>>> print(open('target.pdb').read())   # PDB, C-alpha atoms, pLDDT in the B column
MODEL        1
ATOM      1  CA  MET E   1      55.091  -6.379   7.280  1.00 55.00           C
ATOM      2  CA  MET E   2      56.448  -8.258  10.314  1.00 63.00           C
ATOM      3  CA  ALA E   3      56.828 -11.389   8.184  1.00 60.00           C
ATOM      4  CA  GLN E   4      58.951  -9.446   5.694  1.00 61.00           C
ATOM      5  CA  VAL E   5      61.231  -8.243   8.508  1.00 67.00           C
ATOM      6  CA  VAL E   6      61.608 -11.815   9.769  1.00 69.00           C
ATOM      7  CA  ILE E   7      62.489 -13.080   6.285  1.00 66.00           C
ATOM      8  CA  ASN E   8      65.064 -10.310   5.786  1.00 67.00           C
ATOM      9  CA  GLY E   9      66.547 -11.035   9.207  1.00 72.00           C
ATOM     10  CA  LEU E  10      66.804 -14.753   8.478  1.00 72.00           C
ATOM     11  CA  THR E  11      68.376 -14.033   5.097  1.00 67.00           C
ATOM     12  CA  GLY E  12      70.939 -11.737   6.733  1.00 69.00           C
ATOM     13  CA  TYR E  13      71.838 -14.465   9.202  1.00 72.00           C
ATOM     14  CA  LEU E  14      72.368 -16.961   6.369  1.00 71.00           C
ATOM     15  CA  ILE E  15      74.698 -14.495   4.612  1.00 69.00           C
ATOM     16  CA  LEU E  16      76.752 -13.953   7.770  1.00 74.00           C
ATOM     17  CA  THR E  17      77.129 -17.681   8.287  1.00 77.00           C
ATOM     18  CA  GLY E  18      78.205 -18.131   4.664  1.00 70.00           C
ATOM     19  CA  ASN E  19      75.184 -20.192   3.687  1.00 70.00           C
ATOM     20  CA  LEU E  20      73.826 -17.547   1.289  1.00 63.00           C
ATOM     21  CA  SER E  21      75.429 -15.223  -1.260  1.00 69.00           C
ATOM     22  CA  ILE E  22      74.732 -11.473  -1.599  1.00 68.00           C
ATOM     23  CA  GLY E  23      73.214 -11.976  -5.073  1.00 68.00           C
ATOM     24  CA  VAL E  24      70.750 -14.533  -3.792  1.00 65.00           C
ATOM     25  CA  PHE E  25      69.941 -12.200  -0.883  1.00 62.00           C
ATOM     26  CA  PHE E  26      68.926  -9.374  -3.222  1.00 68.00           C
ATOM     27  CA  SER E  27      66.944 -11.773  -5.377  1.00 71.00           C
ATOM     28  CA  ILE E  28      65.061 -13.061  -2.352  1.00 68.00           C
ATOM     29  CA  GLY E  29      64.533  -9.486  -1.119  1.00 68.00           C
ATOM     30  CA  ASN E  30      63.058  -8.381  -4.425  1.00 74.00           C
ATOM     31  CA  PHE E  31      60.921 -11.492  -4.611  1.00 73.00           C
ATOM     32  CA  ALA E  32      59.649 -11.015  -1.050  1.00 70.00           C
ATOM     33  CA  SER E  33      58.954  -7.331  -1.677  1.00 75.00           C
ATOM     34  CA  LEU E  34      56.976  -8.200  -4.792  1.00 77.00           C
ATOM     35  CA  ILE E  35      54.935 -10.845  -2.981  1.00 80.00           C
ATOM     36  CA  PHE E  36      54.123  -8.618  -0.008  1.00 74.00           C
ATOM     37  CA  SER E  37      53.248  -5.663  -2.253  1.00 81.00           C
ATOM     38  CA  GLU E  38      50.766  -7.842  -4.101  1.00 80.00           C
ATOM     39  CA  LEU E  39      49.373  -9.113  -0.793  1.00 80.00           C
ATOM     40  CA  VAL E  40      48.797  -5.512   0.322  1.00 81.00           C
ATOM     41  CA  VAL E  41      46.998  -4.749  -2.960  1.00 81.00           C
ATOM     42  CA  LEU E  42      44.945  -7.929  -2.577  1.00 81.00           C
ATOM     43  CA  ASN E  43      43.988  -6.941   0.960  1.00 79.00           C
ATOM     44  CA  GLN E  44      42.968  -3.444  -0.179  1.00 79.00           C
ATOM     45  CA  ASN E  45      40.880  -4.850  -3.024  1.00 72.00           C
ATOM     46  CA  THR E  46      39.232  -7.350  -0.693  1.00 76.00           C
ATOM     47  CA  THR E  47      38.322  -4.510   1.672  1.00 77.00           C
ATOM     48  CA  MET E  48      36.904  -2.471  -1.220  1.00 71.00           C
ATOM     49  CA  ILE E  49      34.858  -5.435  -2.436  1.00 72.00           C
ATOM     50  CA  GLN E  50      33.488  -6.010   1.063  1.00 71.00           C
ATOM     51  CA  SER E  51      32.619  -2.319   1.398  1.00 68.00           C
ATOM     52  CA  ALA E  52      30.888  -2.382  -1.977  1.00 67.00           C
ATOM     53  CA  LYS E  53      28.998  -5.501  -0.929  1.00 67.00           C
ATOM     54  CA  ASP E  54      27.790  -3.795   2.262  1.00 69.00           C
ATOM     55  CA  LEU E  55      26.753  -0.718   0.283  1.00 65.00           C
ATOM     56  CA  ASN E  56      24.982  -2.891  -2.274  1.00 64.00           C
ATOM     57  CA  ASN E  57      23.048  -4.654   0.491  1.00 69.00           C
ATOM     58  CA  LYS E  58      21.988  -1.292   1.942  1.00 67.00           C
ATOM     59  CA  LEU E  59      20.855  -0.120  -1.496  1.00 64.00           C
ATOM     60  CA  LEU E  60      18.868  -3.308  -2.016  1.00 66.00           C
ATOM     61  CA  VAL E  61      17.078  -2.695   1.276  1.00 67.00           C
ATOM     62  CA  GLU E  62      16.368   0.944   0.364  1.00 62.00           C
ATOM     63  CA  LEU E  63      15.204   0.068  -3.150  1.00 60.00           C
ATOM     64  CA  LYS E  64      13.125  -2.909  -2.061  1.00 60.00           C
ATOM     65  CA  PRO E  65       9.665  -2.634  -3.629  1.00 55.00           C
ATOM     66  CA  VAL E  66       7.079  -1.410  -1.175  1.00 49.00           C
ATOM     67  CA  ASN E  67       4.649  -4.105  -0.142  1.00 51.00           C
ATOM     68  CA  ASN E  68       1.260  -2.433  -0.177  1.00 46.00           C
ATOM     69  CA  LYS E  69      -0.158  -5.100   2.114  1.00 47.00           C
ATOM     70  CA  GLU E  70       2.468  -4.318   4.726  1.00 44.00           C
ATOM     71  CA  ASN E  71       1.921  -0.576   4.405  1.00 52.00           C
ATOM     72  CA  GLY E  72      -1.826  -0.965   4.775  1.00 55.00           C
ATOM     73  CA  GLN E  73      -3.668   2.301   5.117  1.00 58.00           C
ATOM     74  CA  ASN E  74      -0.488   4.376   4.827  1.00 66.00           C
ATOM     75  CA  ASN E  75      -0.328   3.568   1.126  1.00 68.00           C
ATOM     76  CA  ILE E  76      -0.631   6.795  -0.889  1.00 70.00           C
ATOM     77  CA  ALA E  77      -3.224   5.022  -3.049  1.00 73.00           C
ATOM     78  CA  ASN E  78      -5.649   5.236  -0.100  1.00 79.00           C
ATOM     79  CA  PHE E  79      -5.350   9.029   0.066  1.00 84.00           C
ATOM     80  CA  ALA E  80      -8.723  10.805   0.151  1.00 88.00           C
ATOM     81  CA  LYS E  81      -8.082  14.316   1.428  1.00 92.00           C
ATOM     82  CA  LEU E  82      -5.474  16.712   2.733  1.00 92.00           C
ATOM     83  CA  SER E  83      -6.204  19.175   5.527  1.00 94.00           C
ATOM     84  CA  ILE E  84      -4.135  22.205   6.486  1.00 93.00           C
ATOM     85  CA  VAL E  85      -4.809  23.226  10.083  1.00 95.00           C
ATOM     86  CA  LYS E  86      -3.494  26.417  11.746  1.00 95.00           C
ATOM     87  CA  LEU E  87      -0.353  26.212   9.632  1.00 94.00           C
ATOM     88  CA  GLN E  88       2.411  28.771  10.118  1.00 94.00           C
ATOM     89  CA  GLU E  89       5.995  29.043   8.977  1.00 93.00           C
ATOM     90  CA  HIS E  90       8.397  31.378  10.777  1.00 93.00           C
ATOM     91  CA  PHE E  91      11.505  32.617   8.982  1.00 89.00           C
ATOM     92  CA  SER E  92      14.858  33.690  10.415  1.00 89.00           C
ATOM     93  CA  ASN E  93      14.250  37.308   9.368  1.00 90.00           C
ATOM     94  CA  GLY E  94      11.210  37.438  11.655  1.00 89.00           C
ATOM     95  CA  GLU E  95       8.660  37.078   8.871  1.00 90.00           C
ATOM     96  CA  VAL E  96       5.700  34.805   9.593  1.00 92.00           C
ATOM     97  CA  VAL E  97       3.497  33.245   6.917  1.00 92.00           C
ATOM     98  CA  SER E  98       0.084  32.034   8.091  1.00 92.00           C
ATOM     99  CA  TYR E  99      -2.134  29.819   5.954  1.00 93.00           C
ATOM    100  CA  PRO E 100      -5.920  29.505   6.127  1.00 92.00           C
ATOM    101  CA  ASP E 101      -7.424  26.191   7.184  1.00 94.00           C
ATOM    102  CA  ILE E 102      -8.303  24.359   3.984  1.00 93.00           C
ATOM    103  CA  THR E 103      -9.189  20.827   2.938  1.00 94.00           C
ATOM    104  CA  ILE E 104      -8.340  19.476  -0.499  1.00 92.00           C
ATOM    105  CA  LYS E 105     -10.050  16.289  -1.626  1.00 92.00           C
ATOM    106  CA  SER E 106      -8.504  13.703  -3.904  1.00 87.00           C
ATOM    107  CA  GLY E 107      -9.052  14.698  -7.532  1.00 84.00           C
ATOM    108  CA  GLU E 108      -9.773  18.351  -6.781  1.00 87.00           C
ATOM    109  CA  LYS E 109      -7.915  21.031  -8.702  1.00 85.00           C
ATOM    110  CA  ILE E 110      -6.957  24.052  -6.618  1.00 86.00           C
ATOM    111  CA  LEU E 111      -5.654  27.407  -7.823  1.00 86.00           C
ATOM    112  CA  LEU E 112      -3.264  28.981  -5.345  1.00 85.00           C
ATOM    113  CA  SER E 113      -2.616  32.610  -6.221  1.00 85.00           C
ATOM    114  CA  GLY E 114      -0.761  35.440  -4.556  1.00 84.00           C
ATOM    115  CA  ASP E 115       2.031  37.934  -4.939  1.00 85.00           C
ATOM    116  CA  SER E 116       5.647  36.859  -5.033  1.00 81.00           C
ATOM    117  CA  GLY E 117       6.960  36.021  -1.579  1.00 81.00           C
ATOM    118  CA  THR E 118       3.578  35.342   0.019  1.00 86.00           C
ATOM    119  CA  GLY E 119       4.365  31.682   0.716  1.00 88.00           C
ATOM    120  CA  LYS E 120       2.998  29.690  -2.226  1.00 89.00           C
ATOM    121  CA  SER E 121       6.194  27.724  -2.846  1.00 88.00           C
ATOM    122  CA  THR E 122       6.730  27.391   0.898  1.00 90.00           C
ATOM    123  CA  LEU E 123       3.318  25.743   1.234  1.00 91.00           C
ATOM    124  CA  PHE E 124       4.250  23.130  -1.364  1.00 89.00           C
ATOM    125  CA  LYS E 125       7.537  22.477   0.430  1.00 89.00           C
ATOM    126  CA  LEU E 126       5.621  21.984   3.668  1.00 92.00           C
ATOM    127  CA  ILE E 127       3.198  19.554   2.023  1.00 91.00           C
ATOM    128  CA  LEU E 128       6.059  17.622   0.421  1.00 88.00           C
ATOM    129  CA  GLY E 129       7.900  17.412   3.737  1.00 88.00           C
ATOM    130  CA  GLU E 130      10.854  19.487   2.540  1.00 88.00           C
ATOM    131  CA  LEU E 131      10.161  21.931   5.387  1.00 89.00           C
ATOM    132  CA  LYS E 132       8.733  21.297   8.837  1.00 91.00           C
ATOM    133  CA  PRO E 133       5.969  23.676   9.900  1.00 92.00           C
ATOM    134  CA  THR E 134       6.704  25.967  12.825  1.00 94.00           C
ATOM    135  CA  GLU E 135       3.102  25.654  13.939  1.00 94.00           C
ATOM    136  CA  GLY E 136       0.045  23.752  12.805  1.00 94.00           C
ATOM    137  CA  LYS E 137      -0.400  20.495  10.945  1.00 93.00           C
ATOM    138  CA  ILE E 138      -0.777  19.004   7.497  1.00 93.00           C
ATOM    139  CA  ILE E 139      -3.019  15.974   7.815  1.00 93.00           C
ATOM    140  CA  PHE E 140      -3.517  13.237   5.226  1.00 92.00           C
ATOM    141  CA  LYS E 141      -6.632  11.093   5.575  1.00 91.00           C
ATOM    142  CA  ASP E 142      -7.857   7.968   3.825  1.00 89.00           C
ATOM    143  CA  LYS E 143     -11.306   7.177   2.459  1.00 86.00           C
ATOM    144  CA  ASN E 144     -12.439   6.087   5.930  1.00 87.00           C
ATOM    145  CA  GLY E 145     -11.419   9.397   7.489  1.00 87.00           C
ATOM    146  CA  GLN E 146      -8.459   7.841   9.278  1.00 89.00           C
ATOM    147  CA  GLN E 147      -5.185   9.766   9.410  1.00 90.00           C
ATOM    148  CA  ILE E 148      -2.434   8.228   7.298  1.00 89.00           C
ATOM    149  CA  HIS E 149       1.281   8.902   6.947  1.00 87.00           C
ATOM    150  CA  PRO E 150       2.075   8.319   3.273  1.00 83.00           C
ATOM    151  CA  ASP E 151       5.537   8.245   1.767  1.00 81.00           C
ATOM    152  CA  LEU E 152       5.897  11.907   0.770  1.00 81.00           C
ATOM    153  CA  ALA E 153       8.608  10.979  -1.742  1.00 77.00           C
ATOM    154  CA  LYS E 154       5.826   9.502  -3.887  1.00 75.00           C
ATOM    155  CA  ILE E 155       4.056  12.852  -4.218  1.00 78.00           C
ATOM    156  CA  GLY E 156       5.022  14.561  -7.459  1.00 74.00           C
ATOM    157  CA  CYS E 157       5.483  18.273  -7.955  1.00 75.00           C
ATOM    158  CA  ILE E 158       6.075  20.239 -11.147  1.00 71.00           C
ATOM    159  CA  PRO E 159       8.183  23.370 -10.520  1.00 68.00           C
ATOM    160  CA  GLN E 160       6.707  26.774 -11.269  1.00 63.00           C
ATOM    161  CA  ASP E 161       9.169  27.354 -14.119  1.00 63.00           C
ATOM    162  CA  PRO E 162       9.032  24.099 -16.091  1.00 61.00           C
ATOM    163  CA  THR E 163      10.950  23.713 -19.313  1.00 63.00           C
ATOM    164  CA  LEU E 164       8.436  22.961 -22.051  1.00 70.00           C
ATOM    165  CA  PHE E 165       8.970  22.164 -25.704  1.00 74.00           C
ATOM    166  CA  PRO E 166       6.656  23.512 -28.397  1.00 76.00           C
ATOM    167  CA  GLY E 167       3.861  20.963 -28.616  1.00 76.00           C
ATOM    168  CA  THR E 168       1.134  19.393 -26.521  1.00 81.00           C
ATOM    169  CA  ILE E 169       1.388  18.397 -22.864  1.00 80.00           C
ATOM    170  CA  LYS E 170       1.372  14.752 -23.919  1.00 82.00           C
ATOM    171  CA  GLU E 171       4.283  15.326 -26.293  1.00 82.00           C
ATOM    172  CA  ASN E 172       6.233  17.000 -23.498  1.00 78.00           C
ATOM    173  CA  ILE E 173       5.556  14.040 -21.212  1.00 80.00           C
ATOM    174  CA  THR E 174       6.462  11.399 -23.799  1.00 83.00           C
ATOM    175  CA  MET E 175       9.305  13.471 -25.269  1.00 80.00           C
ATOM    176  CA  PHE E 176       7.679  12.998 -28.702  1.00 82.00           C
ATOM    177  CA  ASN E 177       7.879   9.200 -28.455  1.00 83.00           C
ATOM    178  CA  ASN E 178       4.537   7.996 -29.834  1.00 84.00           C
ATOM    179  CA  LYS E 179       5.086   4.559 -28.304  1.00 86.00           C
ATOM    180  CA  LEU E 180       4.553   6.118 -24.861  1.00 85.00           C
ATOM    181  CA  ASP E 181       1.206   7.748 -25.692  1.00 87.00           C
ATOM    182  CA  GLY E 182      -0.770   4.886 -24.185  1.00 87.00           C
ATOM    183  CA  GLU E 183       1.224   4.898 -20.951  1.00 87.00           C
ATOM    184  CA  ALA E 184       0.908   8.684 -20.634  1.00 86.00           C
ATOM    185  CA  GLU E 185      -2.864   8.479 -21.071  1.00 88.00           C
ATOM    186  CA  GLU E 186      -3.108   5.647 -18.541  1.00 87.00           C
ATOM    187  CA  VAL E 187      -1.106   7.552 -15.913  1.00 84.00           C
ATOM    188  CA  ALA E 188      -3.078  10.750 -16.569  1.00 84.00           C
ATOM    189  CA  LYS E 189      -6.308   8.807 -16.113  1.00 85.00           C
ATOM    190  CA  LYS E 190      -5.094   7.422 -12.774  1.00 83.00           C
ATOM    191  CA  MET E 191      -4.216  10.958 -11.683  1.00 78.00           C
ATOM    192  CA  GLN E 192      -7.674  12.131 -12.803  1.00 80.00           C
ATOM    193  CA  LEU E 193      -6.053  14.331 -15.443  1.00 80.00           C
ATOM    194  CA  GLY E 194      -7.189  12.362 -18.478  1.00 81.00           C
ATOM    195  CA  THR E 195      -9.500  15.125 -19.716  1.00 81.00           C
ATOM    196  CA  ASP E 196      -6.796  17.751 -19.265  1.00 77.00           C
ATOM    197  CA  LEU E 197      -4.359  15.681 -21.303  1.00 76.00           C
ATOM    198  CA  LYS E 198      -6.822  15.241 -24.159  1.00 74.00           C
ATOM    199  CA  ASN E 199      -7.781  18.916 -24.268  1.00 66.00           C
ATOM    200  CA  ALA E 200      -4.204  20.221 -24.174  1.00 62.00           C
TER     201      ALA E 200
ENDMDL
END
>>> encode(input="target.pdb", output="structure tokens")
Amino acid sequence: MMAQVVINGLTGYLILTGNLSIGVFFSIGNFASLIFSELVVLNQNTTMIQSAKDLNNKLLVELKPVNNKENGQNNIANFAKLSIVKLQEHFSNGEVVSYPDITIKSGEKILLSGDSGTGKSTLFKLILGELKPTEGKIIFKDKNGQQIHPDLAKIGCIPQDPTLFPGTIKENITMFNNKLDGEAEEVAKKMQLGTDLKNA
């Protein structure tokens, strides 16, 4: 903006000394205003592009594929068992939910039952890392019995009120796309749910 002031000042001086007419002055003023307006827009766009570039770089870092070799034993694929030890969750209303010490091995199917409000959903939130336990621990161990710290975002959870379409479990997973049957069966087999998928 300082450059525009200087140009206008110089133009005014030329008019006063008779070296420039009023018409030319207004033409130069409009021309200068147009140029500087476009420069401001260009500067804003450059800033936006740079910001987008920085954001894109951050996203690329966040979305970078996990290198299993780098993760070593913390890879969720090495998970062998989950132990819940002296786990408690305290709520703001003074209510305390205590859980029994249990160990769940990889591939085991566990039925968790109880009345509404007894802490079933809370337990899943604690396991998934959505809540931090007030007391106690949730321990993940690998096949060698060593404690691991897997990426909890890679643990899936189906809500208690899923929306299902009339049909088989496989059809609900593939959304009735027969081309995905093979992939659904392969994933179910990896999750040790192959038999369940076939029988449903």
>>> closest_residue(input="target.pdb", among="E:Leu197, E:Leu131, E:Ile110, E:Leu16", to="Leu82 of chain E", atoms="all atoms listed in the file")
E:Ile110
>>> atom_distance(input="target.pdb", atom1="atom CA of Leu123 of chain E", atom2="atom CA of Thr168 of chain E")
28.6 Å
>>> atom_distance(input="target.pdb", atom1="atom CA of Ser33 of chain E", atom2="atom CA of Leu14 of chain E")
18.4 Å
>>> closest_residue(input="target.pdb", among="E:Gln192, E:Cys157, E:Glu108, E:Tyr13", to="Glu130 of chain E", atoms="all atoms listed in the file")
E:Cys157
>>> atom_distance(input="target.pdb", atom1="atom CA of Ala153 of chain E", atom2="atom CA of Ala80 of chain E")
17.4 Å
>>> resolve_selection(input="target.pdb", expression="the PyMOL selection byres ((chain E and resi 118-122) around 10)", output="mmCIF file with C-alpha atoms, keeping the file's coordinate frame")
data_model
loop_
_atom_site.group_PDB
_atom_site.id
_atom_site.type_symbol
_atom_site.label_atom_id
_atom_site.label_comp_id
_atom_site.auth_asym_id
_atom_site.auth_seq_id
_atom_site.Cartn_x
_atom_site.Cartn_y
_atom_site.Cartn_z
ATOM 1 C CA GLU E 89 5.995 29.043 8.977
ATOM 2 C CA VAL E 96 5.700 34.805 9.593
ATOM 3 C CA VAL E 97 3.497 33.245 6.917
ATOM 4 C CA SER E 98 0.084 32.034 8.091
ATOM 5 C CA TYR E 99 -2.134 29.819 5.954
ATOM 6 C CA LEU E 112 -3.264 28.981 -5.345
ATOM 7 C CA SER E 113 -2.616 32.610 -6.221
ATOM 8 C CA GLY E 114 -0.761 35.440 -4.556
ATOM 9 C CA ASP E 115 2.031 37.934 -4.939
ATOM 10 C CA SER E 116 5.647 36.859 -5.033
ATOM 11 C CA GLY E 117 6.960 36.021 -1.579
ATOM 12 C CA LEU E 123 3.318 25.743 1.234
ATOM 13 C CA PHE E 124 4.250 23.130 -1.364
ATOM 14 C CA LYS E 125 7.537 22.477 0.430
ATOM 15 C CA LEU E 126 5.621 21.984 3.668
ATOM 16 C CA ILE E 127 3.198 19.554 2.023
ATOM 17 C CA LEU E 128 6.059 17.622 0.421
ATOM 18 C CA GLU E 130 10.854 19.487 2.540
ATOM 19 C CA LEU E 131 10.161 21.931 5.387
ATOM 20 C CA PRO E 133 5.969 23.676 9.900
ATOM 21 C CA PRO E 159 8.183 23.370 -10.520
ATOM 22 C CA GLN E 160 6.707 26.774 -11.269
#
>>> resolve_selection(input="target.pdb", expression="the PyMOL selection byres ((chain E and resi 148) around 12)", output="number ranges by chain")
E: 71-83, 138-147, 149-152
>>> axis_aligned_box(input="target.pdb", around="segment 32-50 of chain E", padding_each_side="4 Å", output="AutoDock Vina command-line options")
--center_x 46.6 --center_y -6.7 --center_z -1.6 --size_x 34.2 --size_y 16.5 --size_z 14.5
>>> closest_residue(input="target.pdb", among="E:Val40, E:Phe91, E:Val85, E:Leu164", to="Ile104 of chain E", atoms="all atoms listed in the file")
E:Val85
>>> closest_residue(input="target.pdb", among="E:His90, E:Ile35, E:Ile84, E:Asn178", to="Lys105 of chain E", atoms="all atoms listed in the file")
E:Ile84
>>> residues_around(input="target.pdb", residues="segment 172-175 of chain E", least_positions_apart="6", cutoff="12 Å", atoms="only C-alpha atoms", output="count of residues only")
15
>>> closest_residue(input="target.pdb", among="E:Gly156, E:Gly129, E:Gly18, E:Gly107", to="Lys190 of chain E", atoms="only C-alpha atoms")
E:Gly107
